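As stored in target.cif (mmCIF, N, CA and C atoms):
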data_final
#
loop_
_atom_site.label_atom_id
_atom_site.label_comp_id
_atom_site.auth_asym_id
_atom_site.auth_seq_id
_atom_site.Cartn_x
_atom_site.Cartn_y
_atom_site.Cartn_z
N MET J 1 0.82 -1.17 0.00
CA MET J 1 0.00 0.00 0.00
C MET J 1 0.88 1.25 0.00
N ARG J 2 1.93 1.25 0.81
CA ARG J 2 2.80 2.44 0.89
C ARG J 2 3.53 2.67 -0.44
N THR J 3 3.93 1.59 -1.10
CA THR J 3 4.63 1.72 -2.38
C THR J 3 3.72 2.37 -3.42
N ALA J 4 2.46 1.94 -3.46
CA ALA J 4 1.50 2.54 -4.39
C ALA J 4 1.28 4.01 -4.07
N PHE J 5 1.17 4.34 -2.78
CA PHE J 5 1.00 5.73 -2.38
C PHE J 5 2.19 6.57 -2.79
N GLU J 6 3.39 6.07 -2.51
CA GLU J 6 4.59 6.85 -2.82
C GLU J 6 4.74 7.06 -4.32
N ALA J 7 4.38 6.06 -5.11
CA ALA J 7 4.43 6.23 -6.58
C ALA J 7 3.44 7.29 -7.00
N TRP J 8 2.24 7.26 -6.44
CA TRP J 8 1.22 8.25 -6.78
C TRP J 8 1.66 9.64 -6.33
N ALA J 9 2.17 9.75 -5.10
CA ALA J 9 2.59 11.05 -4.55
C ALA J 9 3.76 11.63 -5.34
N ALA J 10 4.71 10.79 -5.72
CA ALA J 10 5.86 11.27 -6.49
C ALA J 10 5.41 11.78 -7.86
N ARG J 11 4.48 11.06 -8.50
CA ARG J 11 3.94 11.53 -9.79
C ARG J 11 3.23 12.87 -9.64
N ASP J 12 2.64 13.08 -8.45
CA ASP J 12 1.91 14.31 -8.19
C ASP J 12 2.83 15.44 -7.72
N GLY J 13 4.13 15.15 -7.60
CA GLY J 13 5.10 16.18 -7.25
C GLY J 13 5.38 16.33 -5.76
N HIS J 14 4.96 15.37 -4.95
CA HIS J 14 5.21 15.46 -3.51
C HIS J 14 6.52 14.78 -3.15
N ILE J 15 7.13 15.28 -2.09
CA ILE J 15 8.38 14.72 -1.59
C ILE J 15 8.02 13.53 -0.71
N VAL J 16 8.56 12.37 -1.03
CA VAL J 16 8.19 11.14 -0.30
C VAL J 16 9.29 10.66 0.63
N ARG J 17 10.23 11.53 0.96
CA ARG J 17 11.26 11.15 1.93
C ARG J 17 10.65 11.00 3.31
N ARG J 18 11.13 9.99 4.03
CA ARG J 18 10.61 9.74 5.37
C ARG J 18 11.57 10.30 6.42
N ARG J 19 11.04 10.53 7.58
CA ARG J 19 11.85 11.03 8.69
C ARG J 19 12.82 9.95 9.14
N GLU J 20 14.01 10.36 9.51
CA GLU J 20 15.01 9.39 9.99
C GLU J 20 14.67 8.89 11.38
N ASP J 21 14.14 9.76 12.24
CA ASP J 21 13.82 9.36 13.60
C ASP J 21 12.50 8.60 13.69
N LYS J 22 11.60 8.80 12.72
CA LYS J 22 10.31 8.09 12.69
C LYS J 22 10.06 7.66 11.24
N PRO J 23 10.58 6.50 10.86
CA PRO J 23 10.48 6.07 9.46
C PRO J 23 9.06 5.83 8.96
N ASP J 24 8.08 5.75 9.86
CA ASP J 24 6.70 5.58 9.42
C ASP J 24 6.05 6.91 9.03
N GLU J 25 6.74 8.03 9.27
CA GLU J 25 6.20 9.34 8.95
C GLU J 25 7.02 9.99 7.84
N TYR J 26 6.35 10.84 7.07
CA TYR J 26 7.01 11.55 5.99
C TYR J 26 7.59 12.86 6.49
N LEU J 27 8.66 13.28 5.86
CA LEU J 27 9.37 14.49 6.25
C LEU J 27 8.51 15.73 6.03
N VAL J 28 7.76 15.76 4.95
CA VAL J 28 6.94 16.91 4.60
C VAL J 28 5.52 16.69 5.12
N TYR J 29 4.98 17.71 5.80
CA TYR J 29 3.66 17.60 6.42
C TYR J 29 2.58 17.26 5.40
N GLU J 30 2.60 17.90 4.25
CA GLU J 30 1.55 17.67 3.24
C GLU J 30 1.57 16.23 2.74
N THR J 31 2.75 15.65 2.61
CA THR J 31 2.84 14.24 2.20
C THR J 31 2.27 13.35 3.31
N GLN J 32 2.58 13.65 4.56
CA GLN J 32 2.05 12.88 5.69
C GLN J 32 0.53 12.99 5.73
N ARG J 33 0.02 14.18 5.48
CA ARG J 33 -1.43 14.39 5.48
C ARG J 33 -2.09 13.56 4.39
N ARG J 34 -1.51 13.56 3.21
CA ARG J 34 -2.07 12.78 2.11
C ARG J 34 -1.97 11.27 2.38
N TRP J 35 -0.93 10.84 3.08
CA TRP J 35 -0.79 9.43 3.45
C TRP J 35 -1.94 9.01 4.37
N VAL J 36 -2.27 9.86 5.33
CA VAL J 36 -3.38 9.56 6.24
C VAL J 36 -4.70 9.52 5.45
N ILE J 37 -4.87 10.45 4.53
CA ILE J 37 -6.07 10.47 3.69
C ILE J 37 -6.13 9.22 2.83
N TRP J 38 -5.01 8.83 2.26
CA TRP J 38 -4.93 7.62 1.41
C TRP J 38 -5.37 6.39 2.22
N GLN J 39 -4.84 6.25 3.43
CA GLN J 39 -5.20 5.11 4.27
C GLN J 39 -6.69 5.13 4.60
N ALA J 40 -7.21 6.32 4.91
CA ALA J 40 -8.63 6.43 5.24
C ALA J 40 -9.50 6.07 4.04
N ALA J 41 -9.07 6.48 2.86
CA ALA J 41 -9.84 6.16 1.65
C ALA J 41 -9.87 4.66 1.40
N LEU J 42 -8.74 4.01 1.57
CA LEU J 42 -8.70 2.57 1.36
C LEU J 42 -9.53 1.84 2.42
N GLU J 43 -9.44 2.29 3.65
CA GLU J 43 -10.20 1.66 4.72
C GLU J 43 -11.70 1.90 4.53
N HIS J 44 -12.05 3.08 4.06
CA HIS J 44 -13.45 3.43 3.82
C HIS J 44 -14.05 2.58 2.70
N GLY J 45 -13.25 2.21 1.74
CA GLY J 45 -13.72 1.45 0.59
C GLY J 45 -13.87 -0.04 0.84
N LYS J 46 -13.38 -0.53 1.96
CA LYS J 46 -13.46 -1.96 2.26
C LYS J 46 -14.82 -2.32 2.82
N THR J 47 -15.21 -3.56 2.65
CA THR J 47 -16.42 -4.04 3.29
C THR J 47 -16.12 -4.21 4.77
N PRO J 48 -17.13 -4.13 5.64
CA PRO J 48 -16.86 -4.24 7.08
C PRO J 48 -16.11 -5.52 7.46
N ALA J 49 -16.34 -6.62 6.76
CA ALA J 49 -15.65 -7.86 7.10
C ALA J 49 -14.16 -7.80 6.81
N ARG J 50 -13.75 -6.97 5.85
CA ARG J 50 -12.34 -6.89 5.47
C ARG J 50 -11.59 -5.80 6.22
N ARG J 51 -12.28 -4.98 7.01
CA ARG J 51 -11.62 -3.90 7.73
C ARG J 51 -10.84 -4.43 8.91
N THR J 52 -9.70 -3.80 9.16
CA THR J 52 -8.90 -4.13 10.33
C THR J 52 -8.47 -2.83 10.98
N ALA J 53 -8.24 -2.86 12.27
CA ALA J 53 -7.85 -1.65 12.99
C ALA J 53 -6.47 -1.18 12.56
N ALA J 54 -5.53 -2.08 12.50
CA ALA J 54 -4.17 -1.71 12.11
C ALA J 54 -3.61 -2.80 11.22
N LYS J 55 -3.55 -2.53 9.94
CA LYS J 55 -3.06 -3.52 9.00
C LYS J 55 -1.67 -3.09 8.53
N SER J 56 -0.79 -4.04 8.41
CA SER J 56 0.57 -3.74 8.00
C SER J 56 0.59 -3.14 6.60
N ALA J 57 1.41 -2.14 6.39
CA ALA J 57 1.48 -1.47 5.10
C ALA J 57 2.07 -2.36 4.01
N VAL J 58 2.80 -3.39 4.38
CA VAL J 58 3.40 -4.24 3.37
C VAL J 58 2.45 -5.31 2.86
N GLN J 59 1.34 -5.54 3.53
CA GLN J 59 0.38 -6.54 3.08
C GLN J 59 -0.50 -5.94 2.01
N ARG J 60 -0.40 -6.47 0.81
CA ARG J 60 -1.21 -6.00 -0.30
C ARG J 60 -1.30 -7.12 -1.32
N PRO J 61 -2.46 -7.31 -1.89
CA PRO J 61 -2.56 -8.33 -2.92
C PRO J 61 -1.60 -8.03 -4.07
N ALA J 62 -1.13 -9.07 -4.72
CA ALA J 62 -0.16 -8.89 -5.81
C ALA J 62 -0.76 -8.06 -6.94
N THR J 63 -1.99 -8.33 -7.30
CA THR J 63 -2.67 -7.56 -8.34
C THR J 63 -4.10 -7.31 -7.91
N ILE J 64 -4.68 -6.26 -8.45
CA ILE J 64 -6.08 -5.97 -8.17
C ILE J 64 -6.84 -5.98 -9.48
N GLY J 65 -8.09 -6.36 -9.39
CA GLY J 65 -8.92 -6.41 -10.58
C GLY J 65 -9.36 -5.02 -11.01
N ALA J 66 -9.85 -4.92 -12.21
CA ALA J 66 -10.31 -3.63 -12.74
C ALA J 66 -11.47 -3.08 -11.91
N ASP J 67 -12.36 -3.97 -11.47
CA ASP J 67 -13.49 -3.53 -10.66
C ASP J 67 -13.02 -2.93 -9.34
N GLU J 68 -12.08 -3.62 -8.70
CA GLU J 68 -11.57 -3.13 -7.42
C GLU J 68 -10.82 -1.81 -7.61
N ALA J 69 -10.08 -1.68 -8.68
CA ALA J 69 -9.36 -0.44 -8.96
C ALA J 69 -10.34 0.71 -9.17
N THR J 70 -11.44 0.44 -9.84
CA THR J 70 -12.46 1.47 -10.07
C THR J 70 -13.08 1.90 -8.75
N VAL J 71 -13.38 0.93 -7.88
CA VAL J 71 -13.95 1.26 -6.58
C VAL J 71 -12.97 2.06 -5.75
N ARG J 72 -11.71 1.67 -5.77
CA ARG J 72 -10.70 2.41 -5.00
C ARG J 72 -10.58 3.85 -5.49
N THR J 73 -10.57 4.03 -6.80
CA THR J 73 -10.49 5.38 -7.36
C THR J 73 -11.71 6.19 -6.95
N GLN J 74 -12.88 5.58 -7.02
CA GLN J 74 -14.11 6.27 -6.65
C GLN J 74 -14.07 6.68 -5.18
N VAL J 75 -13.64 5.77 -4.32
CA VAL J 75 -13.58 6.06 -2.88
C VAL J 75 -12.54 7.13 -2.60
N LEU J 76 -11.39 7.05 -3.23
CA LEU J 76 -10.36 8.07 -3.03
C LEU J 76 -10.89 9.44 -3.44
N ASN J 77 -11.58 9.51 -4.56
CA ASN J 77 -12.16 10.78 -4.99
C ASN J 77 -13.20 11.28 -4.00
N GLU J 78 -14.00 10.38 -3.44
CA GLU J 78 -15.01 10.77 -2.45
C GLU J 78 -14.34 11.35 -1.21
N VAL J 79 -13.26 10.72 -0.76
CA VAL J 79 -12.55 11.21 0.42
C VAL J 79 -11.87 12.55 0.13
N LEU J 80 -11.24 12.66 -1.03
CA LEU J 80 -10.60 13.93 -1.37
C LEU J 80 -11.63 15.05 -1.51
N ASP J 81 -12.82 14.75 -2.03
CA ASP J 81 -13.89 15.75 -2.09
C ASP J 81 -14.31 16.19 -0.69
N ALA J 82 -14.36 15.24 0.24
CA ALA J 82 -14.72 15.58 1.63
C ALA J 82 -13.68 16.52 2.23
N PHE J 83 -12.42 16.32 1.90
CA PHE J 83 -11.36 17.19 2.43
C PHE J 83 -11.31 18.55 1.74
N SER J 84 -11.77 18.62 0.51
CA SER J 84 -11.68 19.89 -0.22
C SER J 84 -12.59 20.94 0.39
N GLY J 85 -13.61 20.55 1.14
CA GLY J 85 -14.51 21.51 1.78
C GLY J 85 -13.96 22.11 3.06
N LEU J 86 -12.84 21.64 3.53
CA LEU J 86 -12.26 22.14 4.77
C LEU J 86 -11.47 23.41 4.54
N GLN J 87 -11.41 24.25 5.57
CA GLN J 87 -10.59 25.46 5.48
C GLN J 87 -9.12 25.14 5.64
N GLY J 88 -8.80 24.02 6.27
CA GLY J 88 -7.42 23.58 6.39
C GLY J 88 -6.63 24.22 7.49
N ASN J 89 -7.29 24.88 8.44
CA ASN J 89 -6.53 25.56 9.49
C ASN J 89 -6.37 24.72 10.76
N LYS J 90 -6.99 23.53 10.81
CA LYS J 90 -6.89 22.70 12.01
C LYS J 90 -6.00 21.48 11.81
N GLY J 91 -5.55 21.22 10.59
CA GLY J 91 -4.63 20.13 10.33
C GLY J 91 -5.21 18.76 10.57
N MET J 92 -4.56 18.00 11.43
CA MET J 92 -4.94 16.60 11.67
C MET J 92 -6.33 16.49 12.30
N GLU J 93 -6.77 17.51 13.02
CA GLU J 93 -8.12 17.49 13.60
C GLU J 93 -9.17 17.44 12.48
N ASP J 94 -8.96 18.22 11.43
CA ASP J 94 -9.86 18.18 10.28
C ASP J 94 -9.87 16.80 9.64
N ILE J 95 -8.71 16.19 9.51
CA ILE J 95 -8.61 14.86 8.91
C ILE J 95 -9.40 13.86 9.73
N MET J 96 -9.24 13.89 11.03
CA MET J 96 -9.95 12.95 11.89
C MET J 96 -11.46 13.17 11.83
N ASN J 97 -11.90 14.43 11.74
CA ASN J 97 -13.34 14.71 11.62
C ASN J 97 -13.90 14.14 10.33
N VAL J 98 -13.17 14.29 9.24
CA VAL J 98 -13.64 13.75 7.96
C VAL J 98 -13.69 12.22 8.02
N ILE J 99 -12.67 11.61 8.59
CA ILE J 99 -12.64 10.15 8.71
C ILE J 99 -13.83 9.66 9.53
N GLN J 100 -14.11 10.32 10.65
CA GLN J 100 -15.25 9.92 11.47
C GLN J 100 -16.56 10.10 10.71
N GLY J 101 -16.68 11.20 9.95
CA GLY J 101 -17.88 11.43 9.15
C GLY J 101 -18.07 10.35 8.10
N LEU J 102 -16.98 9.95 7.45
CA LEU J 102 -17.07 8.89 6.44
C LEU J 102 -17.44 7.55 7.07
N LYS J 103 -16.90 7.27 8.26
CA LYS J 103 -17.24 6.03 8.94
C LYS J 103 -18.72 6.01 9.30
N GLN J 104 -19.24 7.14 9.79
CA GLN J 104 -20.66 7.21 10.13
C GLN J 104 -21.53 7.07 8.89
N LYS J 105 -21.10 7.67 7.79
CA LYS J 105 -21.84 7.54 6.53
C LYS J 105 -21.87 6.09 6.08
N GLN J 106 -20.73 5.41 6.17
CA GLN J 106 -20.64 4.00 5.78
C GLN J 106 -21.53 3.14 6.67
N GLN J 107 -21.54 3.41 7.96
CA GLN J 107 -22.35 2.63 8.90
C GLN J 107 -23.84 2.85 8.63
N SER J 108 -24.24 4.07 8.31
CA SER J 108 -25.65 4.34 8.04
C SER J 108 -26.08 3.67 6.73
N GLN J 109 -25.16 3.63 5.74
CA GLN J 109 -25.47 2.96 4.48
C GLN J 109 -25.56 1.45 4.68
N SER J 110 -24.73 0.90 5.55
CA SER J 110 -24.77 -0.53 5.84
C SER J 110 -26.04 -0.92 6.58
N ALA J 111 -26.52 -0.01 7.43
CA ALA J 111 -27.73 -0.28 8.20
C ALA J 111 -28.98 -0.28 7.32
N ASP J 112 -28.93 0.48 6.23
CA ASP J 112 -30.09 0.57 5.33
C ASP J 112 -30.18 -0.62 4.49
#
Please express what this file holds, its structure, as C-alpha cells.
Amino acid sequence: MRTAFEAWAARDGHIVRRREDKPDEYLVYETQRRWVIWQAALEHGKTPARRTAAKSAVQRPATIGADEATVRTQVLNEVLDAFSGLQGNKGMEDIMNVIQGLKQKQQSQSAD
C-alpha cells in the first residue's frame, strides 16, 4: 500500500522522503497528510468484514482487478472531495473529523 501511495505522490510532485527518527512518517507535512487520507480512503472502501484496525502497510494483494481499482479510485475521490470543503486551518483534527464522518456515513449505508 505504501509503495503505491509513494508512486502516486511522487507523480503528483510530492516529496516522499521519510523522517530518519520516525520512518513511518514523511518528512513533509503535506505528504504525511495525504498518506493519512490515502489510508482512510482505502479503509473506507473496504467491506466491514475486510476492515482491520491496524493492517501492515506491506500486506497487499499482488494484483487488483479492474473492478476493485475502479472502486478504490471512486472512494479516493469521495474522500478527497470531503477534504476539499475544509478550510485547512486545524490540520490533523480536520482529517480525523472527515474520517469519522465517512465512517458514520458507511455505517448508516450498511444499516439501510
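Within a radius of 8 Å around (-18.4, 12.0, 4.4), the polymer residues are Glu78, Val79, Asp81, Ala82, Phe83, Asn97, Val98, Ile99, Gln100, Gly101, Leu102, Lys103, Gln104, Lys105 and Gln106 of chain J, counting all atoms listed in the file.
Interatomic distance, CA of Val16 in chain J against CA of Gln74 in chain J: 23.7 Å.
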Item checked: d(atom C of Tyr26 in chain J, CA of Glu68 in chain J) in Å ->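 Value for the atom C of Tyr26 in chain J-CA of Glu68 in chain J distance: 28.6 Å.
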Next item on the list: Would you list the contacts of Val28 in chain J as a PyMOL selection string, taking every protein, DNA or RNA residue within 8 Å and counting all atoms listed in the file, but skipping same-chain residues closer than 5 positions in sequence?
Entry: chain J and resi 15-19+33-34
Checklist line | Gap from atom C of Ala66 in chain J to atom N of Gly13 in chain J - Å, one decimal | finding: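 Separation between atom C of Ala66 in chain J and atom N of Gly13 in chain J: 24.4 Å.
Among the candidates J:Ala4, J:Met96, J:Glu20, J:Gly65, the residue lying nearest to Ala40 in chain J is J:Met96 (atoms considered: only C-alpha atoms).
Restricting the calculation to all atoms listed in the file, the smallest distance between Ile95 in chain J and any of J:Thr73, J:Gln107, J:Asp67, J:Ile37 is found for J:Ile37.
Of the listed residues (J:Ala111, J:Met92, J:Ala41, J:Val36), J:Ala41 comes nearest to Val75 in chain J; the distances count only C-alpha atoms.
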Box in all listed atoms of range 23-26 of chain J, axis-aligned, with 8 Å more on each side; write out centre and edge lengths in Å to one decimal as lines of an AutoDock Vina configuration file.
center_x = 8.3
center_y = 9.2
center_z = 8.4
size_x = 20.5
size_y = 23.3
size_z = 20.9
